[in-house]
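Undergrad: Sharing start.txt below, compact mmCIF, C-alpha atoms (C1' of nucleotides):
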```txt
# COMPACT_ATOMS: atom_id res chain seq x y z
CA MET R 1 86.35 96.24 112.45
CA GLY R 2 89.75 94.54 112.50
CA LEU R 3 89.27 93.90 108.81
CA THR R 4 91.64 95.38 106.23
CA LYS R 5 89.85 97.50 103.61
CA SER R 6 91.50 95.87 100.59
CA ASP R 7 89.05 97.44 98.15
CA ILE R 8 90.45 100.94 98.53
CA PHE R 9 93.96 99.90 97.50
CA THR R 10 95.53 98.96 94.19
CA GLU R 11 96.20 95.36 93.18
CA GLU R 12 99.90 96.00 93.49
CA GLN R 13 99.59 97.44 96.99
CA ASN R 14 97.51 94.49 98.15
CA HIS R 15 99.81 91.98 96.51
CA LEU R 16 102.96 93.50 97.96
CA ALA R 17 101.37 93.68 101.42
CA GLN R 18 100.24 90.06 101.14
CA MET R 19 103.70 88.82 100.18
CA ALA R 20 105.24 90.92 102.96
CA LYS R 21 102.81 89.33 105.40
CA VAL R 22 104.07 85.88 104.42
CA LEU R 23 107.61 87.00 105.26
CA ALA R 24 106.43 88.75 108.44
CA HIS R 25 107.22 85.86 110.75
CA PRO R 26 110.74 84.71 111.67
CA ALA R 27 109.73 81.04 111.44
CA ARG R 28 108.74 81.48 107.79
CA VAL R 29 111.93 83.43 107.10
CA ALA R 30 113.89 80.61 108.76
CA ILE R 31 112.05 77.97 106.71
CA LEU R 32 112.85 79.79 103.47
CA GLN R 33 116.49 80.35 104.44
CA TYR R 34 116.84 76.67 105.28
CA LEU R 35 115.25 75.70 101.96
CA ILE R 36 117.61 78.05 100.14
CA LYS R 37 120.53 76.39 101.91
CA VAL R 38 119.62 72.72 101.54
CA ASN R 39 117.52 73.06 98.39
CA GLN R 40 114.81 70.68 99.65
CA CYS R 41 113.68 69.10 102.90
CA ILE R 42 110.76 67.47 104.69
CA CYS R 43 108.61 68.88 107.48
CA GLY R 44 110.39 66.85 110.16
CA ASP R 45 113.74 68.41 109.21
CA LEU R 46 112.31 71.85 109.87
CA VAL R 47 110.85 70.77 113.20
CA ASN R 48 114.34 69.66 114.28
CA GLU R 49 116.07 72.67 112.76
CA ILE R 50 113.77 75.39 114.05
CA GLY R 51 112.39 74.01 117.31
CA LEU R 52 108.68 74.63 117.00
CA ALA R 53 106.02 71.94 117.31
CA GLN R 54 105.20 69.88 114.24
CA ALA R 55 101.72 71.34 114.02
CA THR R 56 103.13 74.86 114.07
CA ILE R 57 105.70 74.18 111.35
CA SER R 58 103.02 72.52 109.25
CA GLN R 59 100.85 75.60 109.62
CA HIS R 60 103.67 77.90 108.49
CA LEU R 61 104.39 75.59 105.56
CA ARG R 62 100.76 75.81 104.52
CA GLU R 63 100.93 79.61 104.49
CA LEU R 64 104.08 79.58 102.39
CA LYS R 65 102.49 77.04 100.08
CA SER R 66 99.19 78.89 99.70
CA ALA R 67 101.20 82.00 98.79
CA GLY R 68 102.86 79.90 96.09
CA ILE R 69 106.39 80.48 97.38
CA ILE R 70 107.04 76.80 98.09
CA LYS R 71 105.88 73.55 96.58
CA GLY R 72 105.32 70.22 98.30
CA ASN R 73 105.72 66.84 96.64
CA ILE R 74 104.45 63.73 98.37
CA GLU R 75 107.13 61.03 98.61
CA GLY R 76 105.91 58.04 100.53
CA THR R 77 104.98 59.09 104.05
CA SER R 78 106.87 62.37 103.85
CA VAL R 79 106.45 65.53 101.81
CA CYS R 80 109.40 67.08 100.01
CA TYR R 81 109.26 70.85 100.15
CA CYS R 82 111.17 73.28 97.96
CA ILE R 83 111.04 76.88 96.79
CA ASP R 84 109.22 77.62 93.55
CA PRO R 85 111.96 79.51 91.67
CA LYS R 86 109.48 81.22 89.36
CA VAL R 87 107.42 82.69 92.19
CA TRP R 88 110.56 83.51 94.14
CA LYS R 89 111.81 85.61 91.24
CA ASP R 90 108.43 87.33 90.89
CA ILE R 91 108.39 88.36 94.55
CA GLN R 92 111.98 89.47 94.36
CA GLN R 93 111.12 91.77 91.46
CA LEU R 94 108.00 92.99 93.24
CA PHE R 95 110.04 94.16 96.23
CA ASP R 96 112.86 95.40 94.03
CA GLY R 97 110.45 97.57 92.05
CA PHE R 98 108.99 98.94 95.26
CA PHE R 99 112.32 99.85 96.82
CA ASN R 100 113.68 101.32 93.60
CA ALA R 101 110.57 103.25 92.58
CA ASN R 102 112.42 106.51 93.02
CA PRO R 103 116.18 106.20 93.54
CA GLN R 104 116.39 109.95 94.17
CA CYS R 105 114.46 109.47 97.40
CA GLN R 106 117.23 107.28 98.76
CA SER R 107 119.94 109.87 98.41
CA ASP R 108 119.00 112.74 100.65
CA ASP R 109 116.70 113.87 103.42
CA CYS R 110 113.48 115.64 102.48
CA CYS R 111 112.42 117.57 105.57
CA MET A 1 100.15 81.21 123.12
CA GLY A 2 99.69 83.60 120.23
CA LEU A 3 103.12 84.99 121.03
CA THR A 4 105.96 84.70 118.54
CA LYS A 5 108.98 82.86 119.98
CA SER A 6 111.57 85.43 118.90
CA ASP A 7 114.29 83.94 121.09
CA ILE A 8 114.71 80.82 118.95
CA PHE A 9 115.49 82.81 115.80
CA THR A 10 118.52 84.79 114.66
CA GLU A 11 118.70 88.58 114.84
CA GLU A 12 118.55 88.72 111.07
CA GLN A 13 115.47 86.52 110.88
CA ASN A 14 113.67 88.61 113.48
CA HIS A 15 114.71 91.87 111.85
CA LEU A 16 113.66 90.81 108.38
CA ALA A 17 110.33 89.54 109.70
CA GLN A 18 109.78 92.77 111.60
CA MET A 19 110.46 94.94 108.55
CA ALA A 20 108.23 92.69 106.45
CA LYS A 21 105.48 93.14 109.03
CA VAL A 22 105.66 96.91 108.61
CA LEU A 23 105.12 96.44 104.86
CA ALA A 24 102.41 93.83 105.46
CA HIS A 25 99.50 96.26 105.18
CA PRO A 26 98.37 97.93 101.95
CA ALA A 27 97.78 101.24 103.74
CA ARG A 28 101.42 101.39 104.81
CA VAL A 29 102.56 100.41 101.32
CA ALA A 30 100.31 103.16 99.94
CA ILE A 31 101.72 105.71 102.40
CA LEU A 32 105.29 104.84 101.41
CA GLN A 33 104.49 104.91 97.69
CA TYR A 34 102.86 108.30 98.09
CA LEU A 35 105.87 109.60 100.02
CA ILE A 36 108.18 108.27 97.32
CA LYS A 37 106.10 110.11 94.73
CA VAL A 38 105.65 113.49 96.43
CA ASN A 39 108.78 113.37 98.58
CA GLN A 40 107.02 114.76 101.65
CA CYS A 41 103.49 115.32 102.95
CA ILE A 42 101.36 115.81 106.03
CA CYS A 43 98.93 113.40 107.65
CA GLY A 44 95.89 115.16 106.18
CA ASP A 45 97.18 114.65 102.66
CA LEU A 46 97.28 110.91 103.27
CA VAL A 47 93.77 110.90 104.74
CA ASN A 48 92.50 112.50 101.52
CA GLU A 49 94.68 110.34 99.28
CA ILE A 50 94.00 106.97 100.86
CA GLY A 51 90.51 107.28 102.33
CA LEU A 52 90.92 105.91 105.83
CA ALA A 53 89.99 107.82 108.98
CA GLN A 54 92.52 110.26 110.40
CA ALA A 55 93.03 108.14 113.51
CA THR A 56 93.79 105.11 111.35
CA ILE A 57 96.31 106.92 109.15
CA SER A 58 97.97 108.36 112.24
CA GLN A 59 98.30 104.86 113.67
CA HIS A 60 99.92 103.55 110.48
CA LEU A 61 102.27 106.54 110.44
CA ARG A 62 103.30 105.75 113.99
CA GLU A 63 104.17 102.17 113.01
CA LEU A 64 106.24 103.35 110.06
CA LYS A 65 107.92 105.91 112.27
CA SER A 66 108.68 103.51 115.12
CA ALA A 67 110.27 101.18 112.55
CA GLY A 68 112.45 104.10 111.52
CA ILE A 69 111.35 104.08 107.88
CA ILE A 70 109.84 107.56 108.00
CA LYS A 71 110.60 110.73 109.91
CA GLY A 72 108.18 113.41 111.09
CA ASN A 73 109.10 117.06 111.49
CA ILE A 74 106.72 119.38 113.32
CA GLU A 75 105.89 122.46 111.27
CA GLY A 76 103.34 124.61 113.03
CA THR A 77 100.15 122.63 113.54
CA SER A 78 101.07 120.00 111.00
CA VAL A 79 103.78 117.35 110.83
CA CYS A 80 105.86 116.93 107.70
CA TYR A 81 106.54 113.26 107.00
CA CYS A 82 109.22 111.87 104.74
CA ILE A 83 111.15 108.65 104.15
CA ASP A 84 114.47 108.24 105.95
CA PRO A 85 116.73 107.45 102.98
CA LYS A 86 119.35 105.77 105.15
CA VAL A 87 116.90 103.31 106.70
CA TRP A 88 115.20 102.82 103.35
CA LYS A 89 118.50 101.73 101.85
CA ASP A 90 119.21 99.41 104.78
CA ILE A 91 115.87 97.64 104.41
CA GLN A 92 116.33 97.41 100.66
CA GLN A 93 119.66 95.68 101.17
CA LEU A 94 118.19 93.43 103.84
CA PHE A 95 115.55 92.13 101.43
CA ASP A 96 117.98 92.06 98.54
CA GLY A 97 120.37 89.89 100.53
CA PHE A 98 117.55 87.55 101.47
CA PHE A 99 116.24 87.10 97.95
CA ASN A 100 119.72 86.69 96.48
CA ALA A 101 121.13 84.37 99.15
CA ASN A 102 121.43 81.59 96.61
CA PRO A 103 120.85 82.61 92.98
CA GLN A 104 121.06 78.96 91.95
CA CYS A 105 117.78 78.31 93.75
CA GLN A 106 116.00 80.71 91.43
CA SER A 107 116.92 78.92 88.26
CA ASP A 108 115.41 75.49 88.45
CA ASP A 109 112.93 73.33 90.31
CA CYS A 110 114.21 71.12 93.10
CA CYS A 111 111.61 68.37 93.57
C1' DT C 1 97.32 42.74 109.78
C1' DT C 2 99.64 45.33 113.06
C1' DT C 3 102.79 48.92 114.05
C1' DA C 4 105.56 52.87 113.10
C1' DT C 5 106.37 57.11 110.59
C1' DT C 6 105.13 61.44 108.60
C1' DC C 7 102.31 65.05 107.92
C1' DA C 8 97.75 67.66 107.96
C1' DT C 9 93.85 69.29 110.37
C1' DC C 10 90.91 70.54 114.32
C1' DG C 11 90.08 72.83 118.48
C1' DT C 12 91.48 76.08 121.69
C1' DA C 13 93.89 79.75 124.39
C1' DA C 14 96.69 83.84 124.28
C1' DT C 15 97.90 87.70 121.90
C1' DA C 16 98.06 91.09 118.01
C1' DT C 17 96.02 93.90 114.39
C1' DT C 18 92.71 96.90 112.19
C1' DG C 19 89.57 100.68 112.10
C1' DC C 20 87.09 104.41 113.95
C1' DA C 21 84.63 107.68 117.12
C1' DA C 22 85.67 110.51 120.73
C1' DT C 23 88.80 113.12 122.97
C1' DA C 24 93.20 115.44 124.01
C1' DT C 25 97.00 118.46 122.65
C1' DA C 26 99.30 122.04 120.46
C1' DT C 27 99.84 125.80 117.31
C1' DA C 28 97.89 129.51 114.31
C1' DA C 29 94.52 132.90 113.23
C1' DT C 30 90.90 136.21 114.56
C1' DA U 1 90.65 134.96 124.83
C1' DT U 2 88.32 132.42 121.32
C1' DT U 3 88.14 129.74 117.36
C1' DA U 4 90.04 126.91 113.76
C1' DT U 5 93.36 123.53 112.15
C1' DA U 6 96.24 119.41 112.42
C1' DT U 7 97.66 115.50 114.62
C1' DA U 8 98.07 112.11 118.51
C1' DT U 9 96.00 109.17 121.80
C1' DT U 10 92.48 106.40 124.08
C1' DG U 11 89.03 102.98 124.23
C1' DC U 12 86.58 99.63 122.05
C1' DA U 13 84.75 95.97 118.84
C1' DA U 14 85.78 92.78 115.17
C1' DT U 15 88.98 89.93 113.28
C1' DA U 16 93.53 87.64 112.57
C1' DT U 17 97.69 85.33 114.11
C1' DT U 18 100.51 82.21 116.78
C1' DA U 19 101.34 78.01 119.11
C1' DC U 20 100.42 73.42 120.48
C1' DG U 21 98.08 69.06 122.02
C1' DA U 22 95.16 65.76 120.19
C1' DT U 23 93.53 63.41 116.49
C1' DG U 24 93.09 61.78 111.70
C1' DA U 25 94.87 60.02 107.26
C1' DA U 26 98.01 57.76 104.45
C1' DT U 27 102.03 55.10 103.39
C1' DA U 28 105.87 51.93 104.76
C1' DA U 29 107.77 48.23 107.52
C1' DA U 30 107.26 44.19 110.52
```
Output the file's structure in the form of structure tokens.

TA:
Amino acid sequence: MGLTKSDIFTEEQNHLAQMAKVLAHPARVAILQYLIKVNQCICGDLVNEIGLAQATISQHLRELKSAGIIKGNIEGTSVCYCIDPKVWKDIQQLFDGFFNANPQCQSDDCC
Amino acid sequence: MGLTKSDIFTEEQNHLAQMAKVLAHPARVAILQYLIKVNQCICGDLVNEIGLAQATISQHLRELKSAGIIKGNIEGTSVCYCIDPKVWKDIQQLFDGFFNANPQCQSDDCC
DNA sequence: TTTATTCATCGTAATATTGCAATATATAAT
DNA sequence: ATTATATATTGCAATATTACGATGAATAAA
């Protein structure tokens, strides 16, 4: 066990859960917030800013990158990271649609 | 290791990550979507609807409940679950604020 | 060519998550 | 009192995540 049964859920449910998982660590939230603030940066900046080991930051960057949320461009010895605005917007709408699926449910208690 | 260093992050970063973690499983997304649709239900309904064992659904319900997203009212032998609209709205705004921190970043590529 | 810089990857230890059978608990019905 | 129903909890196995030191790869500077 210990394995999520993805096959019994819809594409949307799996996708939303997967994107939520990417945001489910404060280091990745911090990386994205820093990128939003400074627009672009290299891995070393994040190591200084956040205070985790370089290997750990690199690992979090890989997860963000494999989810498509950020892009990395090689520039000499360093890699310039930035948010992919297209994907960012997609995820934003994904969460927005989820939270606003039924506005009535946000107004009053049910039971 | 294997332990998240929460102390080096802001309250907001930890809170957002924690809420994202609750949504980071398709079963919990499915439970919330079902609750949004039918307004309220009991554990057994979700077992039939989703197709995971009763113990597993109960565990996911506990996580949603301990995060405050859902409430459970005892009604005889069963427990009536529903979304807490106040917390729902809070989380919605939390994510909304995160995604809209800098609208400029959503418009064009950086590097 | 040698050295420094920057980042990725590997290996590993500690911890967390997922799923379920078995069991416990608590109320309702007979 | 006994039985049925509904849910929670416990214990366990499989897998995933987190963090970091050590190492590798690739470019830039000396």

Undergrad: Find, counting only C-alpha atoms (C1' of nucleotides), the residue in C:DT25, C:DT30, C:DT18, C:DT12 that gets nearest to His25 in chain A.

TA: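 Closest to His25 in chain A, using only C-alpha atoms (C1' of nucleotides): C:DT18.
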
Undergrad: Name all residues at most 10 Å from range 10-13 of chain U (count all atoms listed in the file; drop same-chain ones fewer than 4 positions away) and give them as a PyMOL selection string.

TA: (chain R and resi 1-2) or (chain C and resi 19-24)

Undergrad: Report as a list in words all protein, DNA and RNA residues lying within 8 Å of Leu32 in chain A, evaluated on all atoms listed in the file, omitting residues in the same chain fewer than 4 positions from it.

TA: Arg28, Ile36 and Ile83 of chain A

Undergrad: Within 9 Å of range 16-30 of chain U, which residues of chain R come that close, and what is the closest atom pair and distance in Å for each? Count only C-alpha atoms (C1' of nucleotides) and give it as a Markdown table.

TA:
```
| residue | atom | partner | partner_atom | distance |
| --- | --- | --- | --- | --- |
| R:Gly2 | CA | U:DA16 | C1' | 7.9 |
| R:Leu3 | CA | U:DA16 | C1' | 8.5 |
| R:Leu52 | CA | U:DA19 | C1' | 8.4 |
| R:Ala53 | CA | U:DC20 | C1' | 6.6 |
| R:Gln54 | CA | U:DC20 | C1' | 8.6 |
| R:Ala55 | CA | U:DC20 | C1' | 6.9 |
| R:Thr56 | CA | U:DA19 | C1' | 6.2 |
| R:Gly76 | CA | U:DT27 | C1' | 5.6 |
| R:Thr77 | CA | U:DT27 | C1' | 5.0 |
| R:Ser78 | CA | U:DT27 | C1' | 8.7 |
```

Undergrad: Would you list which chain R residues are within 12 Å of chain C using only C-alpha atoms (C1' of nucleotides), as a PyMOL selection string?

TA: chain R and resi 1-6+42-45+47+54-62+72-81

Undergrad: For the atom pair CA of Val29 in chain R and CA of Asn14 in chain A, what is the interatomic distance in Å to one decimal place?

TA: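 Atom-to-atom, CA of Val29 in chain R and CA of Asn14 in chain A are spaced 8.4 Å apart.
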
Undergrad: Which residue, R:Phe9, R:Lys65, R:Pro26, R:Asp96, has the smallest gap to chain U when you use all atoms listed in the file?

TA: R:Pro26

Undergrad: Which residues of chain A sit at most 8 Å from chain R, using all atoms listed in the file? Give each one's shortest atom pair and distance in Å (one decimal place), in chain and ascending residue order, as a tab-separated table.

TA:
```
residue	atom	partner	partner_atom	distance
A:Thr4	CA	R:His25	CA	8.0
A:Ser6	CA	R:Pro26	CA	7.3
A:Ile8	CA	R:Ile50	CA	7.4
A:Phe9	CA	R:Pro26	CA	6.6
A:Gln13	CA	R:Pro26	CA	5.1
A:Asn14	CA	R:Pro26	CA	5.2
A:Leu16	CA	R:Ala24	CA	7.5
A:Ala17	CA	R:Ala24	CA	4.2
A:Gln18	CA	R:Ala24	CA	6.1
A:Met19	CA	R:Ala24	CA	7.4
A:Ala20	CA	R:Ala24	CA	4.8
A:Lys21	CA	R:Ala24	CA	4.5
A:Leu23	CA	R:Ala17	CA	5.8
A:Ala24	CA	R:Ala17	CA	4.2
A:His25	CA	R:Ala17	CA	4.9
A:Pro26	CA	R:Gln13	CA	5.1
A:Ala27	CA	R:Phe9	CA	7.4
A:Val29	CA	R:Gln13	CA	6.0
A:Ala30	CA	R:Gln13	CA	6.5
A:Gln33	CA	R:Phe98	CA	7.9
A:Ile36	CA	R:Asn102	CA	6.3
A:Lys37	CA	R:Asn102	CA	7.5
A:Asn39	CA	R:Cys110	CA	6.5
A:Gln40	CA	R:Cys110	CA	6.6
A:Ile50	CA	R:Ile8	CA	7.4
A:Gly51	CA	R:Ile8	CA	7.4
A:Asn73	CA	R:Cys111	CA	6.8
A:Cys80	CA	R:Cys111	CA	6.9
A:Tyr81	CA	R:Cys111	CA	7.4
A:Cys82	CA	R:Cys110	CA	6.1
A:Ile83	CA	R:Cys110	CA	7.6
A:Asp84	CA	R:Asp109	CA	6.6
A:Pro85	CA	R:Gln106	CA	4.3
A:Lys86	CA	R:Gln106	CA	6.9
A:Trp88	CA	R:Gln106	CA	6.7
A:Lys89	CA	R:Gln106	CA	6.5
A:Gln92	CA	R:Phe99	CA	6.1
A:Phe95	CA	R:Phe95	CA	7.8
A:Asp96	CA	R:Asp96	CA	7.6
A:Phe98	CA	R:Gln33	CA	7.9
A:Phe99	CA	R:Gln92	CA	6.1
A:Ala101	CA	R:Ile36	CA	7.3
A:Asn102	CA	R:Ile36	CA	6.3
A:Cys105	CA	R:Pro85	CA	6.3
A:Gln106	CA	R:Pro85	CA	4.2
A:Ser107	CA	R:Pro85	CA	6.0
A:Asp108	CA	R:Pro85	CA	6.2
A:Asp109	CA	R:Pro85	CA	6.4
A:Cys110	CA	R:Cys82	CA	6.1
A:Cys111	CA	R:Cys82	CA	6.6
```

Undergrad: Provide the CA of Gly97 in chain R to CA of Tyr34 in chain A distance in Å, to one decimal place.

TA: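 Those two atoms sit 14.5 Å apart.
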
Undergrad: Just to confirm, what's the straight-line distance from CA of Ile70 in chain A to CA of Asp90 in chain R in Å (one decimal)?

TA: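 Between these atoms lies a distance of 26.5 Å.
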
Undergrad: Smallest atom-to-atom distance to chain U: which of R:Ile31, R:Leu46, R:Asp7, R:Glu63, using all atoms listed in the file?

TA: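 Answer, going by the shortest atom-to-atom distance: R:Glu63.
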
Undergrad: Please define a box with edges along x, y and z of the file around all atoms of range 1-12 of chain C given in the file, extend it by 4 Å on each side, and return its centre and edge lengths in Å to one decimal, as lines of an AutoDock Vina configuration file.

TA:
```
center_x = 98.2
center_y = 59.4
center_z = 114.8
size_x = 24.3
size_y = 41.3
size_z = 21.8
```
